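Worksheet: one structure, shown below.
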Amino acid sequence: MGISKKMHEFATASSWIRKMFEEGAKLKKQFGAENVFDFSLGNPDIAPPPQFDAVLRRIAADNSAGVHSYMPNSGYPFVREAVAGQISQEQAMPVGADDILMTCGAAGALNVVLKAILNPGEEVIILAPFFVEYKFYIDNQGGKSVVAPTRDDFSLDLAAIEGAITERTKAIIINSPNNPTGQIYPEQDLKALGSLLTACQQKFGSTIFLLSDEPYRKIIFDGHQVPSIFQSYPNSIVVSSYSKDLSLPGERIGYIAVQPDITEKSALLAAMTLANRILGFVNAPALMQRVVAELQGVTVDTSIYARRRQTFCDILSAAGLSFTPPKGAFYIFPRTPIADDVQFVAHLQKYKILAVPGRGFGLPGHIRLAFCVDDQLIARSATAFKQAMDTLGEA
């Protein structure tokens, strides 16, 4: 085999979303895209806010001297200053420009952080269900993934997390609002997690980082709020992007923000800045840095996602599927009415419904449905879901 055995295994493990994409392409070619209910991809379909177009045109037209010169690897100082102002509001504490590092999206940010903190064989706890690429990012930087379960409603299971922590634990990754469940971890749970991590640091004489992956922070429903992890635990780091709240996934622009009182902050920031360079990112895209600096606090119209979420929940409930209503993001993670989630996904395909099996996120017995699709597509899926559920027991 020409490629590495590890990458071959990784490609197989991460193939579920790609497989559904390929199945969707076949169905759309056969029946027409308008007749296929594709809920497999988390690709935001809402256009960026109107302010984005105006800012992009003006900045792209700037041909002043030095505008395309090299920059600090951590990003333009004025961009980091703007981001720090927004993070200060979100985290309810003063955050400075030097606490920010601009990155190639949240994925780039996570790889940079893990490169900076991990020694070979150290452990990073991830919570099932999880974004599948977390495992690959951890392996990229020589670490070992340790999976801890969440509760039935996908909230934090502190006892399970405590049981997963060892003397080799270096970090835990949380994702709130969560992909694939839409769960938001409440403030009291985050504070309890912070207390647990503080106690474990003292017990093992080590540093344990809390990494919060927050690209869906601004897509929330029913008045829910995403609490500050900086208020909950000093050794915390936020990674995020503008892929979802500004609908810019293809631009790969994001950031890292560290809690101002984090352990050995200067050394950590220096390590992350170097990691940004040697991992090949070098620095975040220059044009998009300048654009997002002027769009802090601007978001897409999230009421569109709220409306779709309600329509989808009504449809799934009427069909007889069981699920925990999402508090944020744009996913629903129903339980499958049969034990084999892959088999259920195959059954849904008979009715031209595309979903991703839960085992692709580390939790079999569920499916992920993304509602970042047109309202009419969601509405027209009602009959298909009802028929799929009604015929489930048929040979």
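Going through the structure tokens in order, the chains are called A, B, and so on, while each chain numbers its residues from 1 and the ligands are numbered from 1 in the order shown.
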Give me the residues of range 201-248 of chain A that have any atom at most 10 Å from an atom of range 330-341 of chain A; for each, the nearest atom pair and the distance in Å, rounded to one decimal. Use only C-alpha atoms, sort by chain and number, and format it as CSV.
residue,atom,partner,partner_atom,distance
A:Tyr216,CA,A:Phe330,CA,8.5
A:Ile219,CA,A:Phe330,CA,7.7
A:Ile220,CA,A:Phe330,CA,9.0
A:Lys244,CA,A:Phe330,CA,9.5
Emit the selected residues as a short mmCIF file (atom, residue, chain, number, x, y, z; two decimals), in the first residue's frame, including C-alpha atoms.
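Produced file result_25.cif, reproduced below:
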data_model
loop_
_atom_site.label_atom_id
_atom_site.label_comp_id
_atom_site.auth_asym_id
_atom_site.auth_seq_id
_atom_site.Cartn_x
_atom_site.Cartn_y
_atom_site.Cartn_z
CA TYR A 216 -21.58 27.73 17.12
CA ILE A 219 -26.35 30.17 17.01
CA ILE A 220 -28.58 29.61 20.05
CA LYS A 244 -20.99 29.55 11.21
#
Could you give me, as a PDB file with N, CA and C atoms, in the first residue's frame, each residue of range 66-180 of chain A that DSSP assigns to helix (DSSP H, G or I) when run on this structure's backbone?
ATOM      1  N   PRO A  77      -1.835  42.943  14.671  1.00  0.00           N
ATOM      2  CA  PRO A  77      -2.148  43.448  16.017  1.00  0.00           C
ATOM      3  C   PRO A  77      -3.511  44.116  16.112  1.00  0.00           C
ATOM      4  N   PHE A  78      -3.914  44.889  15.102  1.00  0.00           N
ATOM      5  CA  PHE A  78      -5.206  45.577  15.192  1.00  0.00           C
ATOM      6  C   PHE A  78      -6.372  44.595  15.091  1.00  0.00           C
ATOM      7  N   VAL A  79      -6.159  43.469  14.387  1.00  0.00           N
ATOM      8  CA  VAL A  79      -7.194  42.436  14.311  1.00  0.00           C
ATOM      9  C   VAL A  79      -7.333  41.746  15.663  1.00  0.00           C
ATOM     10  N   ARG A  80      -6.210  41.394  16.264  1.00  0.00           N
ATOM     11  CA  ARG A  80      -6.251  40.735  17.566  1.00  0.00           C
ATOM     12  C   ARG A  80      -6.854  41.665  18.625  1.00  0.00           C
ATOM     13  N   GLU A  81      -6.620  42.943  18.493  1.00  0.00           N
ATOM     14  CA  GLU A  81      -7.222  43.907  19.416  1.00  0.00           C
ATOM     15  C   GLU A  81      -8.743  43.916  19.274  1.00  0.00           C
ATOM     16  N   ALA A  82      -9.226  43.881  18.040  1.00  0.00           N
ATOM     17  CA  ALA A  82     -10.667  43.856  17.805  1.00  0.00           C
ATOM     18  C   ALA A  82     -11.294  42.568  18.330  1.00  0.00           C
ATOM     19  N   VAL A  83     -10.654  41.440  18.056  1.00  0.00           N
ATOM     20  CA  VAL A  83     -11.167  40.157  18.533  1.00  0.00           C
ATOM     21  C   VAL A  83     -11.160  40.120  20.063  1.00  0.00           C
ATOM     22  N   ALA A  84     -10.095  40.649  20.671  1.00  0.00           N
ATOM     23  CA  ALA A  84     -10.008  40.661  22.137  1.00  0.00           C
ATOM     24  C   ALA A  84     -11.159  41.435  22.751  1.00  0.00           C
ATOM     25  N   GLY A  85     -11.578  42.518  22.115  1.00  0.00           N
ATOM     26  CA  GLY A  85     -12.712  43.279  22.626  1.00  0.00           C
ATOM     27  C   GLY A  85     -13.990  42.451  22.637  1.00  0.00           C
ATOM     28  N   GLN A  86     -14.219  41.693  21.576  1.00  0.00           N
ATOM     29  CA  GLN A  86     -15.404  40.842  21.513  1.00  0.00           C
ATOM     30  C   GLN A  86     -15.320  39.701  22.528  1.00  0.00           C
ATOM     31  N   ILE A  87     -14.147  39.081  22.632  1.00  0.00           N
ATOM     32  CA  ILE A  87     -13.975  37.979  23.583  1.00  0.00           C
ATOM     33  C   ILE A  87     -14.145  38.479  25.017  1.00  0.00           C
ATOM     34  N   SER A  88     -13.693  39.679  25.298  1.00  0.00           N
ATOM     35  CA  SER A  88     -13.866  40.251  26.636  1.00  0.00           C
ATOM     36  C   SER A  88     -15.342  40.300  27.012  1.00  0.00           C
ATOM     37  N   GLN A  89     -16.199  40.651  26.055  1.00  0.00           N
ATOM     38  CA  GLN A  89     -17.636  40.682  26.313  1.00  0.00           C
ATOM     39  C   GLN A  89     -18.183  39.271  26.527  1.00  0.00           C
ATOM     40  N   GLU A  90     -17.794  38.344  25.649  1.00  0.00           N
ATOM     41  CA  GLU A  90     -18.330  36.991  25.719  1.00  0.00           C
ATOM     42  C   GLU A  90     -17.886  36.255  26.970  1.00  0.00           C
ATOM     43  N   GLN A  91     -16.641  36.481  27.382  1.00  0.00           N
ATOM     44  CA  GLN A  91     -16.085  35.754  28.521  1.00  0.00           C
ATOM     45  C   GLN A  91     -16.209  36.527  29.836  1.00  0.00           C
ATOM     46  N   ALA A  97      -5.110  41.919  23.459  1.00  0.00           N
ATOM     47  CA  ALA A  97      -4.709  41.481  22.117  1.00  0.00           C
ATOM     48  C   ALA A  97      -3.644  40.400  22.174  1.00  0.00           C
ATOM     49  N   ASP A  98      -2.776  40.457  23.184  1.00  0.00           N
ATOM     50  CA  ASP A  98      -1.715  39.457  23.298  1.00  0.00           C
ATOM     51  C   ASP A  98      -2.239  38.096  23.739  1.00  0.00           C
ATOM     52  N   ASP A  99      -3.515  38.031  24.138  1.00  0.00           N
ATOM     53  CA  ASP A  99      -4.143  36.762  24.509  1.00  0.00           C
ATOM     54  C   ASP A  99      -4.826  36.089  23.322  1.00  0.00           C
ATOM     55  N   GLY A 105      -9.073  28.885  10.767  1.00  0.00           N
ATOM     56  CA  GLY A 105     -10.278  28.228  11.257  1.00  0.00           C
ATOM     57  C   GLY A 105     -10.092  27.595  12.624  1.00  0.00           C
ATOM     58  N   ALA A 106     -11.181  26.997  13.120  1.00  0.00           N
ATOM     59  CA  ALA A 106     -11.126  26.330  14.422  1.00  0.00           C
ATOM     60  C   ALA A 106     -10.311  25.044  14.352  1.00  0.00           C
ATOM     61  N   ALA A 107     -10.335  24.359  13.203  1.00  0.00           N
ATOM     62  CA  ALA A 107      -9.529  23.142  13.055  1.00  0.00           C
ATOM     63  C   ALA A 107      -8.049  23.466  13.154  1.00  0.00           C
ATOM     64  N   GLY A 108      -7.631  24.527  12.461  1.00  0.00           N
ATOM     65  CA  GLY A 108      -6.245  24.966  12.581  1.00  0.00           C
ATOM     66  C   GLY A 108      -5.917  25.355  14.008  1.00  0.00           C
ATOM     67  N   ALA A 109      -6.850  26.032  14.667  1.00  0.00           N
ATOM     68  CA  ALA A 109      -6.634  26.465  16.044  1.00  0.00           C
ATOM     69  C   ALA A 109      -6.409  25.278  16.979  1.00  0.00           C
ATOM     70  N   LEU A 110      -7.236  24.246  16.842  1.00  0.00           N
ATOM     71  CA  LEU A 110      -7.077  23.074  17.705  1.00  0.00           C
ATOM     72  C   LEU A 110      -5.740  22.387  17.475  1.00  0.00           C
ATOM     73  N   ASN A 111      -5.336  22.257  16.224  1.00  0.00           N
ATOM     74  CA  ASN A 111      -4.043  21.638  15.940  1.00  0.00           C
ATOM     75  C   ASN A 111      -2.895  22.459  16.504  1.00  0.00           C
ATOM     76  N   VAL A 112      -2.999  23.775  16.427  1.00  0.00           N
ATOM     77  CA  VAL A 112      -1.957  24.639  16.980  1.00  0.00           C
ATOM     78  C   VAL A 112      -1.868  24.468  18.499  1.00  0.00           C
ATOM     79  N   VAL A 113      -3.011  24.482  19.180  1.00  0.00           N
ATOM     80  CA  VAL A 113      -3.004  24.325  20.644  1.00  0.00           C
ATOM     81  C   VAL A 113      -2.428  22.973  21.028  1.00  0.00           C
ATOM     82  N   LEU A 114      -2.898  21.913  20.382  1.00  0.00           N
ATOM     83  CA  LEU A 114      -2.430  20.570  20.734  1.00  0.00           C
ATOM     84  C   LEU A 114      -0.945  20.394  20.439  1.00  0.00           C
ATOM     85  N   LYS A 115      -0.474  20.990  19.345  1.00  0.00           N
ATOM     86  CA  LYS A 115       0.960  20.942  19.038  1.00  0.00           C
ATOM     87  C   LYS A 115       1.767  21.620  20.136  1.00  0.00           C
ATOM     88  N   ALA A 116       1.216  22.699  20.686  1.00  0.00           N
ATOM     89  CA  ALA A 116       1.935  23.479  21.685  1.00  0.00           C
ATOM     90  C   ALA A 116       1.965  22.824  23.059  1.00  0.00           C
ATOM     91  N   ILE A 117       0.953  22.000  23.393  1.00  0.00           N
ATOM     92  CA  ILE A 117       0.853  21.514  24.772  1.00  0.00           C
ATOM     93  C   ILE A 117       1.194  20.041  24.949  1.00  0.00           C
ATOM     94  N   GLU A 133     -13.083  14.406  13.898  1.00  0.00           N
ATOM     95  CA  GLU A 133     -11.698  14.769  13.613  1.00  0.00           C
ATOM     96  C   GLU A 133     -10.903  15.134  14.865  1.00  0.00           C
ATOM     97  N   TYR A 134     -11.566  15.305  16.013  1.00  0.00           N
ATOM     98  CA  TYR A 134     -10.811  15.520  17.251  1.00  0.00           C
ATOM     99  C   TYR A 134      -9.765  14.427  17.442  1.00  0.00           C
ATOM    100  N   LYS A 135     -10.162  13.189  17.193  1.00  0.00           N
ATOM    101  CA  LYS A 135      -9.226  12.072  17.372  1.00  0.00           C
ATOM    102  C   LYS A 135      -8.003  12.229  16.476  1.00  0.00           C
ATOM    103  N   PHE A 136      -8.215  12.672  15.257  1.00  0.00           N
ATOM    104  CA  PHE A 136      -7.105  12.804  14.319  1.00  0.00           C
ATOM    105  C   PHE A 136      -6.203  13.965  14.715  1.00  0.00           C
ATOM    106  N   TYR A 137      -6.792  15.069  15.171  1.00  0.00           N
ATOM    107  CA  TYR A 137      -5.983  16.206  15.604  1.00  0.00           C
ATOM    108  C   TYR A 137      -5.078  15.815  16.770  1.00  0.00           C
ATOM    109  N   ILE A 138      -5.640  15.068  17.706  1.00  0.00           N
ATOM    110  CA  ILE A 138      -4.859  14.634  18.874  1.00  0.00           C
ATOM    111  C   ILE A 138      -3.724  13.715  18.431  1.00  0.00           C
ATOM    112  N   ASP A 139      -4.033  12.782  17.545  1.00  0.00           N
ATOM    113  CA  ASP A 139      -3.001  11.885  17.035  1.00  0.00           C
ATOM    114  C   ASP A 139      -1.950  12.655  16.240  1.00  0.00           C
ATOM    115  N   ASN A 140      -2.386  13.666  15.492  1.00  0.00           N
ATOM    116  CA  ASN A 140      -1.436  14.485  14.725  1.00  0.00           C
ATOM    117  C   ASN A 140      -0.278  14.959  15.589  1.00  0.00           C
ATOM    118  N   LEU A 158     -19.934  14.379  34.930  1.00  0.00           N
ATOM    119  CA  LEU A 158     -18.715  14.708  35.660  1.00  0.00           C
ATOM    120  C   LEU A 158     -18.054  13.475  36.264  1.00  0.00           C
ATOM    121  N   ALA A 159     -18.861  12.509  36.682  1.00  0.00           N
ATOM    122  CA  ALA A 159     -18.288  11.277  37.236  1.00  0.00           C
ATOM    123  C   ALA A 159     -17.501  10.526  36.160  1.00  0.00           C
ATOM    124  N   ALA A 160     -18.046  10.491  34.952  1.00  0.00           N
ATOM    125  CA  ALA A 160     -17.349   9.813  33.860  1.00  0.00           C
ATOM    126  C   ALA A 160     -16.062  10.550  33.494  1.00  0.00           C
ATOM    127  N   ILE A 161     -16.113  11.877  33.506  1.00  0.00           N
ATOM    128  CA  ILE A 161     -14.909  12.658  33.203  1.00  0.00           C
ATOM    129  C   ILE A 161     -13.848  12.424  34.271  1.00  0.00           C
ATOM    130  N   GLU A 162     -14.269  12.432  35.538  1.00  0.00           N
ATOM    131  CA  GLU A 162     -13.309  12.190  36.619  1.00  0.00           C
ATOM    132  C   GLU A 162     -12.665  10.817  36.477  1.00  0.00           C
ATOM    133  N   GLY A 163     -13.460   9.833  36.076  1.00  0.00           N
ATOM    134  CA  GLY A 163     -12.926   8.492  35.902  1.00  0.00           C
ATOM    135  C   GLY A 163     -11.956   8.378  34.748  1.00  0.00           C
ATOM    136  N   ALA A 164     -12.040   9.325  33.800  1.00  0.00           N
ATOM    137  CA  ALA A 164     -11.157   9.282  32.627  1.00  0.00           C
ATOM    138  C   ALA A 164      -9.845  10.018  32.863  1.00  0.00           C
TER     139      ALA A 164
END
Checklist line | Pro48 in chain A environment, 12 Å, only C-alpha atoms, sequence neighbours closer than 6 positions dropped, as a list of chain:residue names | finding: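 These residues fall inside the cut-off: A:Ala54, A:Val55, A:Leu56, A:Tyr242, A:Ser243, A:Lys244, A:Asp245, A:Leu246, A:Ser247, A:Leu248, A:Pro249, A:Gly250, A:Glu251, A:Val292, A:Leu295, A:Val298, A:Thr299, A:Val300, A:Asp301, A:Thr302.
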Next item on the list: Return as JSON, numbers by chain the full set of residues in range 311-365 of chain A whose backbone-based DSSP assignment is strand (DSSP E).
Entry: {"A": [331, 332, 353, 354, 356, 357]}
Sorted by chain and rising residue number, which residues of range 5-121 of chain A lie within 8 Å of range 353-356 of chain A, and what are their closest atom pairs and distances in Å to one decimal, counting only C-alpha atoms, as a Markdown table?
| residue | atom | partner | partner_atom | distance |
| --- | --- | --- | --- | --- |
| A:Trp16 | CA | A:Val356 | CA | 6.6 |
| A:Ile17 | CA | A:Val356 | CA | 6.2 |
| A:Met20 | CA | A:Leu354 | CA | 6.7 |
| A:Gly24 | CA | A:Leu354 | CA | 6.7 |
| A:Val36 | CA | A:Ile353 | CA | 6.4 |
| A:Phe37 | CA | A:Ile353 | CA | 4.7 |
| A:Asp38 | CA | A:Leu354 | CA | 4.7 |
| A:Phe39 | CA | A:Leu354 | CA | 5.5 |
| A:Ser40 | CA | A:Ala355 | CA | 4.8 |
Item checked: Test item: residues at most 8 Å from Val239 in chain A, only C-alpha atoms, excluding those fewer than 6 positions along its chain, as a VMD selection string -> chain A and resid 106 109 to 110 211 to 215 254 to 257
Margin query: Could you tell me how far CA of Phe281 in chain A sits from CA of Thr12 in chain A, in Å to one decimal place?
Written below: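 Here the two named atoms are 25.8 Å from each other.
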Next item on the list: Identify which of the residues A:Leu210, A:Met389, A:Ala370, A:Ile253 lies closest to Asn283 in chain A, counting only C-alpha atoms when measuring atom-to-atom distances.
Entry: A:Ile253
